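**Q** I'd like to ask some things about the structure below.
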Amino acid sequence: MSKQQVLIERELQSNSKDRIWSIISDTDKLSRWIADEIQEEGKKLHFIWGDLQSSHDSRMATIAKKVKYHYIRLKWTDEEDPNAFLELRMEKSNISNNYVLFITDFAEPDDIDTMEDLWADNLDRLHQFSGL
């Protein structure tokens with residue numbers, strides 16, 4: 001069964017393209033809100049959740065495409081669905097002049113609610129560390 005695309009949208013309280021870009025593309029900042037640690041090895045990113053010395057989960061992703069001040073798209077190396085990816089996209093709102101973060105992810109139909117909850121938690125962590 002193929003996964004379904006899930007789109008999450010969050011307006012960020014900033015109109016600084018440099019600040020938003022660093023939050024979605026810099027591994028040190030990504031590790032503040034998406035994972036506990038992210039190790040960069042060229043075009044590969046190793047995401048780690050939990051303590052490396054004890055219980056933890058990890059996944060490897062490849063940067064499929066990166067357009068500065070626009071988006072970063074990752075492909076999980078263990079993903080079976082060839083159409084699935086994770087994308088973090090920033091777009092400026094014409095109404096508020098702030099940036100909007102669009103997260104595109106994929107999940108099995110039965111897991112969509114869980115994925116949305118996970119991203120809500122991640123976005124709460126983003127707000128806690130950055131105020132956005």
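Going by the structure tokens order, chains are called A, B, ..., each with residues numbered from 1, while ligands are numbered from 1 in the order shown.
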Near Ile72 (chain A), within 10 Å and counting only C-alpha atoms, which residues show up once chain neighbours fewer than 5 positions away are dropped, as a ChimeraX atom specification?
**A** /A:21,24-25,63-67,86-90
**Q** Can you list, as an mmCIF file with C-alpha atoms, in the first residue's frame, every protein, DNA or RNA residue that comes within 9 Å of Arg32 (chain A) when you count only C-alpha atoms, leaving out same-chain residues fewer than 6 positions away?
**A**
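Contents of the output file result34.cif:
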data_model
loop_
_atom_site.group_PDB
_atom_site.id
_atom_site.type_symbol
_atom_site.label_atom_id
_atom_site.label_comp_id
_atom_site.auth_asym_id
_atom_site.auth_seq_id
_atom_site.Cartn_x
_atom_site.Cartn_y
_atom_site.Cartn_z
ATOM 1 C CA ILE A 23 16.125 26.537 11.257
ATOM 2 C CA ARG A 125 9.804 22.161 20.378
ATOM 3 C CA LEU A 126 10.604 24.616 17.575
ATOM 4 C CA PHE A 129 13.784 26.908 21.394
#
**Q** Per DSSP on the backbone, filter chain A down to the residues in alpha helix (DSSP H) and report them as an MDAnalysis selection string.
**A** chainID A and resid 17:25 27:33 112:130
**Q** Report the residues of chain A whose backbone DSSP state falls under strand (DSSP E or B), written as a PyMOL selection string.
**A** chain A and resi 4-11+37-41+44-50+56-67+71-76+86-92+99-107
**Q** Can you work out the spacing between CA of Phe85 (chain A) and CA of Thr62 (chain A) in Å, to one decimal?
**A** 9.9 Å
**Q** Could you name the residues that touch Glu116 (chain A) at 10 Å or less, counting only C-alpha atoms, but leaving out those on the same chain fewer than 2 positions away, as a PyMOL selection string?
**A** chain A and resi 6-8+105+107+111-114+118-122
**Q** Excluding Ala35 (chain A) and residues on its chain fewer than 3 positions from it, collect all residues at most 6 Å away from it, counting only C-alpha atoms, and give them as an mmCIF file with all heavy atoms, in the first residue's frame.
**A**
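Saved as part-v6.cif:
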data_model
loop_
_atom_site.group_PDB
_atom_site.id
_atom_site.type_symbol
_atom_site.label_atom_id
_atom_site.label_comp_id
_atom_site.auth_asym_id
_atom_site.auth_seq_id
_atom_site.Cartn_x
_atom_site.Cartn_y
_atom_site.Cartn_z
ATOM 1 N N SER A 31 18.320 19.691 14.962
ATOM 2 C CA SER A 31 18.373 18.768 16.090
ATOM 3 C C SER A 31 17.735 19.363 17.346
ATOM 4 O O SER A 31 17.480 18.646 18.306
ATOM 5 C CB SER A 31 19.806 18.333 16.387
ATOM 6 O OG SER A 31 20.571 19.414 16.841
ATOM 7 N N ILE A 48 18.912 10.886 15.064
ATOM 8 C CA ILE A 48 18.936 10.039 16.249
ATOM 9 C C ILE A 48 17.946 10.599 17.264
ATOM 10 O O ILE A 48 17.956 11.796 17.563
ATOM 11 C CB ILE A 48 20.354 9.991 16.869
ATOM 12 C CG1 ILE A 48 21.347 9.462 15.838
ATOM 13 C CG2 ILE A 48 20.353 9.142 18.144
ATOM 14 C CD1 ILE A 48 22.793 9.715 16.179
ATOM 15 N N TRP A 49 17.091 9.704 17.772
ATOM 16 C CA TRP A 49 16.143 10.054 18.824
ATOM 17 C C TRP A 49 16.455 9.190 20.028
ATOM 18 O O TRP A 49 16.548 7.975 19.916
ATOM 19 C CB TRP A 49 14.706 9.782 18.371
ATOM 20 C CG TRP A 49 14.282 10.636 17.220
ATOM 21 C CD1 TRP A 49 13.704 11.878 17.285
ATOM 22 C CD2 TRP A 49 14.379 10.325 15.827
ATOM 23 N NE1 TRP A 49 13.458 12.336 16.015
ATOM 24 C CE2 TRP A 49 13.855 11.414 15.098
ATOM 25 C CE3 TRP A 49 14.869 9.224 15.122
ATOM 26 C CZ2 TRP A 49 13.806 11.431 13.712
ATOM 27 C CZ3 TRP A 49 14.818 9.247 13.736
ATOM 28 C CH2 TRP A 49 14.286 10.345 13.053
#
**Q** Ala84 (chain A): which residues within 9 Å, counting only C-alpha atoms, same-chain residues fewer than 6 positions away excluded, as a VMD selection string?
**A** chain A and resid 2 to 5 75 to 76 105 to 107
**Q** Please save C-alpha atoms of the selected residues as a PDB file, in the first residue's frame.
**A**
ATOM      1  CA  SER A   2       1.391   3.405  -0.894  1.00  0.00           C
ATOM      2  CA  LYS A   3       1.637   6.105   1.698  1.00  0.00           C
ATOM      3  CA  GLN A   4      -0.485   9.239   1.728  1.00  0.00           C
ATOM      4  CA  GLN A   5       0.962  12.722   1.619  1.00  0.00           C
ATOM      5  CA  LYS A  75      14.614  10.855   1.152  1.00  0.00           C
ATOM      6  CA  TRP A  76      14.801   8.280   3.933  1.00  0.00           C
ATOM      7  CA  ASP A 105       5.625  14.038   4.901  1.00  0.00           C
ATOM      8  CA  PHE A 106       4.122  10.660   4.074  1.00  0.00           C
ATOM      9  CA  ALA A 107       2.354   8.060   6.228  1.00  0.00           C
TER      10      ALA A 107
END
**Q** Looking at only C-alpha atoms, which of A:Glu37, A:Asp26, A:Asn98, A:Asp81 is the one that sits closest to His56 (chain A)?
**A**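 Counting only C-alpha atoms, the residue closest to His56 (chain A) is A:Glu37.
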**Q** Rank A:Asn15, A:Ser54, A:Ser130, A:Gln39 by their smallest atom-to-atom distance to Ile95 (chain A), using only C-alpha atoms, and report the top residue only.
**A** A:Asn15
**Q** What is the CA of Lys92 (chain A)-CA of Tyr71 (chain A) distance in Å, reported with one decimal?
**A**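 Here the two named atoms are 12.3 Å from each other.
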**Q** Quick one: distance from CA of Leu132 (chain A) to CA of Ser14 (chain A) in Å, one decimal?
**A**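 CA of Ser14 (chain A) lies 6.9 Å from CA of Leu132 (chain A).
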